[in-house]
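*Asks:* Right, I'll just put the structure down here and ask away after.
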Amino acid sequence: MIQTVRGTRDILPEDAPAWQRVEAAAREAFRRYGFREIRTPIFEKTELFARGVGEATDIVHKEMYTFADRGRDDRPGESLTLRPEATAAVVRAYIQHRMYADKAPGELTKLFYVGPMFRRERPQAGRYRQFYQIGAEVLGASDDPAIEAEVIEMLDWFLKELRITDAELLVNSVGEARERGPYLEQLRAAIAGRLDRLCADCHHRYQTNPLRVFDCKVEGCQPAIAELPTITEALDPASRDHFAQFKAHLDARGLRYTVNPRMVRGLDYYTRTAFEIVGGALGAQNTLVGGGRYDGLSETLGGPPTKGFGFAFGLDRMVLSLPAEEAEAARAADAPDVFIVHLGAEARSRATQLARALRQAGIAVALEFEERKMKKAMAQAGKSRARYALIVGEDEVASGRYGLKDLATGSQESLDLEAIIRSTKATKKH
Ligand code: HAM
């Protein structure tokens, strides 16, 4: 039997409502905060991620699904990559479509996206090779830390909306590339003295970008990493001030956070503010949301000087963190409003007409064509989790009044079509 590829999975109809619930809450958050949707391709030129995310990152160095496209004639095809993240692609689109043109001073471009990403990581609970992200990016001329706090305020609303309460906000500042020089020297020297206590990947990071040593998750490396000097101590006064303002904006909004000077995030484009939201309900893969500022990314990709700030969360992980009652409520809302039980040939024909009329009135109807005995049919209605059973037998066909049974309370009324539409619509869950 052919099965899914390792690290990929099917989201089955029983689970899809929880996914839709998370997605709907995110879309509502974006609507309220003025973000508009962008859909970029699932594959891009490899160079976009190599330059944007950084050659020394784990993502580019070892996790990308890269392939050579078919060439034409004797020319080789170009190197393409399934997107491992979307920020580089969104900034590429921002530059390509000149979204910065015709803007009032200080006007921001606020974009969001939803879709699959691909990373060849070792699969485990909460970590997949095809996973889904919902993310948002704020692009423009302003690097006001108030924007950062507002984006985090939006995430706070979103998490509360989903009743995810055990999440913690971690913040840090990683400074700007130009102020990292002396610090990186100092860091490299500190790592050099501890190489015997660090893994092979850390040795590679030490060579290519020592800051990436902080991304290491290997247990045995942690004591040595804990001794390394942090970038936060080496910030210049402007970055220090930016970070202080950011925290003051969080305080002003009553958003609680913890400063973690060792959190540098696994992508090279970050400047100054970096943040994560970690969830209590998840195991080892507990980072729900990751984001930060990336002021140089547009220029790295050949665009005009642009400031950027954004985040992405793992939809897979957000669904795993959803409280059981929320997931259950989403599943219940997915059930039909009315299940039609029909008894006899004439009733079956009337049932198809009623189903059509109810559906046209906006009601979700389950109609099975199979002829069943009353008891079996009612059991089937219960299994469908419909709110109502609509009973259509010979007498009902003759009188034009049908039995509407509320499956939640057990009460039953005899009603004509119009009254049925009225009562089922009144209790319909949206
Ligand atoms: P990231 O931290 O690489 O950041 O990913 C963001 C989130 O995607 C993670 O916190 C996690 O929830 C989810 N995620 C990542 N890898 C996996 C995986 N293998 N399986 C399941 N979930 C995963 C970025 O991608 C940046 N583009 C975020 C950003 C946007 N920064 C600024 N703007």
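Residue names in the structure tokens use chain letters A, B, ... in the order shown, residue numbers from 1 in each chain, and ligand numbers from 1 in the order shown.
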Would you mind listing, for every residue of region 283-388 of chain A within 12 Å of region 253-263 of chain A, the two atoms forming the shortest contact and the distance between them in Å to one decimal, using only C-alpha atoms, sorted by chain and ascending residue number, as a Markdown table?
*Replies:*
| residue | atom | partner | partner_atom | distance |
| --- | --- | --- | --- | --- |
| A:Thr287 | CA | A:Met263 | CA | 11.7 |
| A:Gly290 | CA | A:Met263 | CA | 10.6 |
| A:Gly291 | CA | A:Met263 | CA | 11.3 |
| A:Gly292 | CA | A:Met263 | CA | 11.3 |
*Asks:* Could you write those residues out with N, CA and C atoms, as a PDB file, in the first residue's frame?
*Replies:*
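Result file follows (again_2.pdb):
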ATOM      1  N   THR A 287       7.655  25.817  20.570  1.00  0.00           N
ATOM      2  CA  THR A 287       7.563  27.176  20.051  1.00  0.00           C
ATOM      3  C   THR A 287       6.357  27.285  19.134  1.00  0.00           C
ATOM      4  N   GLY A 290       7.054  32.478  16.161  1.00  0.00           N
ATOM      5  CA  GLY A 290       8.392  33.067  16.113  1.00  0.00           C
ATOM      6  C   GLY A 290       8.350  34.286  15.215  1.00  0.00           C
ATOM      7  N   GLY A 291       9.080  35.323  15.616  1.00  0.00           N
ATOM      8  CA  GLY A 291       9.063  36.511  14.761  1.00  0.00           C
ATOM      9  C   GLY A 291      10.095  37.526  15.180  1.00  0.00           C
ATOM     10  N   GLY A 292      10.064  38.650  14.494  1.00  0.00           N
ATOM     11  CA  GLY A 292      10.991  39.711  14.829  1.00  0.00           C
ATOM     12  C   GLY A 292      11.144  40.705  13.704  1.00  0.00           C
TER      13      GLY A 292
END
*Asks:* Within 7 Å of ligand 1, which residues show up when you count only C-alpha atoms and all ligand atoms? List them as an MDAnalysis selection string, please.
*Replies:* chainID A and resid 85:87 119 121 126:133 135:137 265:267 287:294 309:317
*Asks:* Identify, on the basis of only C-alpha atoms, every residue whose closest approach to Ala327 (chain A) does not exceed 12 Å; exclude the query and any residue fewer than 4 positions from it along the same chain; express the result as a PyMOL selection string.
*Replies:* chain A and resi 14-22+162-164+318-323+331-334
*Asks:* Generate the output file for the selected residues, N, CA and C atoms, as a PDB file, in the first residue's frame.
*Replies:*
ATOM      1  N   GLU A  14     -12.393  14.772  10.447  1.00  0.00           N
ATOM      2  CA  GLU A  14     -12.671  14.940  11.891  1.00  0.00           C
ATOM      3  C   GLU A  14     -11.805  16.049  12.475  1.00  0.00           C
ATOM      4  N   ASP A  15     -10.604  16.203  11.933  1.00  0.00           N
ATOM      5  CA  ASP A  15      -9.668  17.181  12.499  1.00  0.00           C
ATOM      6  C   ASP A  15      -9.748  18.537  11.805  1.00  0.00           C
ATOM      7  N   ALA A  16     -10.242  18.555  10.595  1.00  0.00           N
ATOM      8  CA  ALA A  16     -10.258  19.802   9.829  1.00  0.00           C
ATOM      9  C   ALA A  16     -10.991  20.955  10.528  1.00  0.00           C
ATOM     10  N   PRO A  17     -12.124  20.704  11.232  1.00  0.00           N
ATOM     11  CA  PRO A  17     -12.796  21.842  11.881  1.00  0.00           C
ATOM     12  C   PRO A  17     -11.896  22.601  12.849  1.00  0.00           C
ATOM     13  N   ALA A  18     -11.027  21.899  13.589  1.00  0.00           N
ATOM     14  CA  ALA A  18     -10.126  22.590  14.519  1.00  0.00           C
ATOM     15  C   ALA A  18      -9.155  23.479  13.732  1.00  0.00           C
ATOM     16  N   TRP A  19      -8.686  22.993  12.600  1.00  0.00           N
ATOM     17  CA  TRP A  19      -7.805  23.791  11.745  1.00  0.00           C
ATOM     18  C   TRP A  19      -8.538  25.033  11.238  1.00  0.00           C
ATOM     19  N   GLN A  20      -9.794  24.802  10.828  1.00  0.00           N
ATOM     20  CA  GLN A  20     -10.575  25.938  10.312  1.00  0.00           C
ATOM     21  C   GLN A  20     -10.831  26.958  11.410  1.00  0.00           C
ATOM     22  N   ARG A  21     -11.036  26.462  12.623  1.00  0.00           N
ATOM     23  CA  ARG A  21     -11.288  27.361  13.765  1.00  0.00           C
ATOM     24  C   ARG A  21     -10.082  28.281  13.989  1.00  0.00           C
ATOM     25  N   VAL A  22      -8.885  27.696  13.986  1.00  0.00           N
ATOM     26  CA  VAL A  22      -7.669  28.487  14.195  1.00  0.00           C
ATOM     27  C   VAL A  22      -7.499  29.479  13.044  1.00  0.00           C
ATOM     28  N   LEU A 162      -8.871  31.889  21.122  1.00  0.00           N
ATOM     29  CA  LEU A 162      -8.830  30.424  21.037  1.00  0.00           C
ATOM     30  C   LEU A 162      -8.718  29.766  22.415  1.00  0.00           C
ATOM     31  N   ARG A 163      -8.758  30.591  23.474  1.00  0.00           N
ATOM     32  CA  ARG A 163      -8.648  30.102  24.864  1.00  0.00           C
ATOM     33  C   ARG A 163      -7.334  29.350  25.112  1.00  0.00           C
ATOM     34  N   ILE A 164      -6.288  29.771  24.427  1.00  0.00           N
ATOM     35  CA  ILE A 164      -4.964  29.204  24.709  1.00  0.00           C
ATOM     36  C   ILE A 164      -4.336  30.118  25.756  1.00  0.00           C
ATOM     37  N   MET A 318      -0.471  25.087  16.711  1.00  0.00           N
ATOM     38  CA  MET A 318      -1.576  25.848  17.310  1.00  0.00           C
ATOM     39  C   MET A 318      -2.781  24.922  17.502  1.00  0.00           C
ATOM     40  N   VAL A 319      -3.025  24.055  16.518  1.00  0.00           N
ATOM     41  CA  VAL A 319      -4.145  23.110  16.626  1.00  0.00           C
ATOM     42  C   VAL A 319      -3.902  22.139  17.788  1.00  0.00           C
ATOM     43  N   LEU A 320      -2.655  21.690  17.934  1.00  0.00           N
ATOM     44  CA  LEU A 320      -2.319  20.786  19.052  1.00  0.00           C
ATOM     45  C   LEU A 320      -2.535  21.475  20.402  1.00  0.00           C
ATOM     46  N   SER A 321      -2.381  22.800  20.431  1.00  0.00           N
ATOM     47  CA  SER A 321      -2.505  23.548  21.691  1.00  0.00           C
ATOM     48  C   SER A 321      -3.939  23.955  22.003  1.00  0.00           C
ATOM     49  N   LEU A 322      -4.815  23.754  21.039  1.00  0.00           N
ATOM     50  CA  LEU A 322      -6.202  24.179  21.222  1.00  0.00           C
ATOM     51  C   LEU A 322      -6.828  23.376  22.377  1.00  0.00           C
ATOM     52  N   PRO A 323      -7.462  24.043  23.349  1.00  0.00           N
ATOM     53  CA  PRO A 323      -8.107  23.284  24.429  1.00  0.00           C
ATOM     54  C   PRO A 323      -9.147  22.318  23.852  1.00  0.00           C
ATOM     55  N   ARG A 331     -15.836  21.030  16.046  1.00  0.00           N
ATOM     56  CA  ARG A 331     -16.361  19.823  15.407  1.00  0.00           C
ATOM     57  C   ARG A 331     -17.894  19.850  15.402  1.00  0.00           C
ATOM     58  N   ALA A 332     -18.476  20.300  16.524  1.00  0.00           N
ATOM     59  CA  ALA A 332     -19.938  20.349  16.627  1.00  0.00           C
ATOM     60  C   ALA A 332     -20.510  21.324  15.602  1.00  0.00           C
ATOM     61  N   ALA A 333     -19.823  22.447  15.407  1.00  0.00           N
ATOM     62  CA  ALA A 333     -20.316  23.455  14.466  1.00  0.00           C
ATOM     63  C   ALA A 333     -20.249  22.953  13.025  1.00  0.00           C
ATOM     64  N   ASP A 334     -19.469  21.908  12.816  1.00  0.00           N
ATOM     65  CA  ASP A 334     -19.293  21.342  11.488  1.00  0.00           C
ATOM     66  C   ASP A 334     -20.422  20.355  11.134  1.00  0.00           C
TER      67      ASP A 334
END
*Asks:* Go through region 50-117 of chain A and collect every residue that DSSP, computed from the backbone, puts in strand (DSSP E); the answer should be as a list in words.
*Replies:*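 These are the residues in question: Thr66, Phe67, Ala68, Ser79, Leu80, Thr81, Leu82, Thr109, Lys110, Leu111, Phe112, Tyr113, Val114, Gly115, Pro116 and Met117 of chain A.
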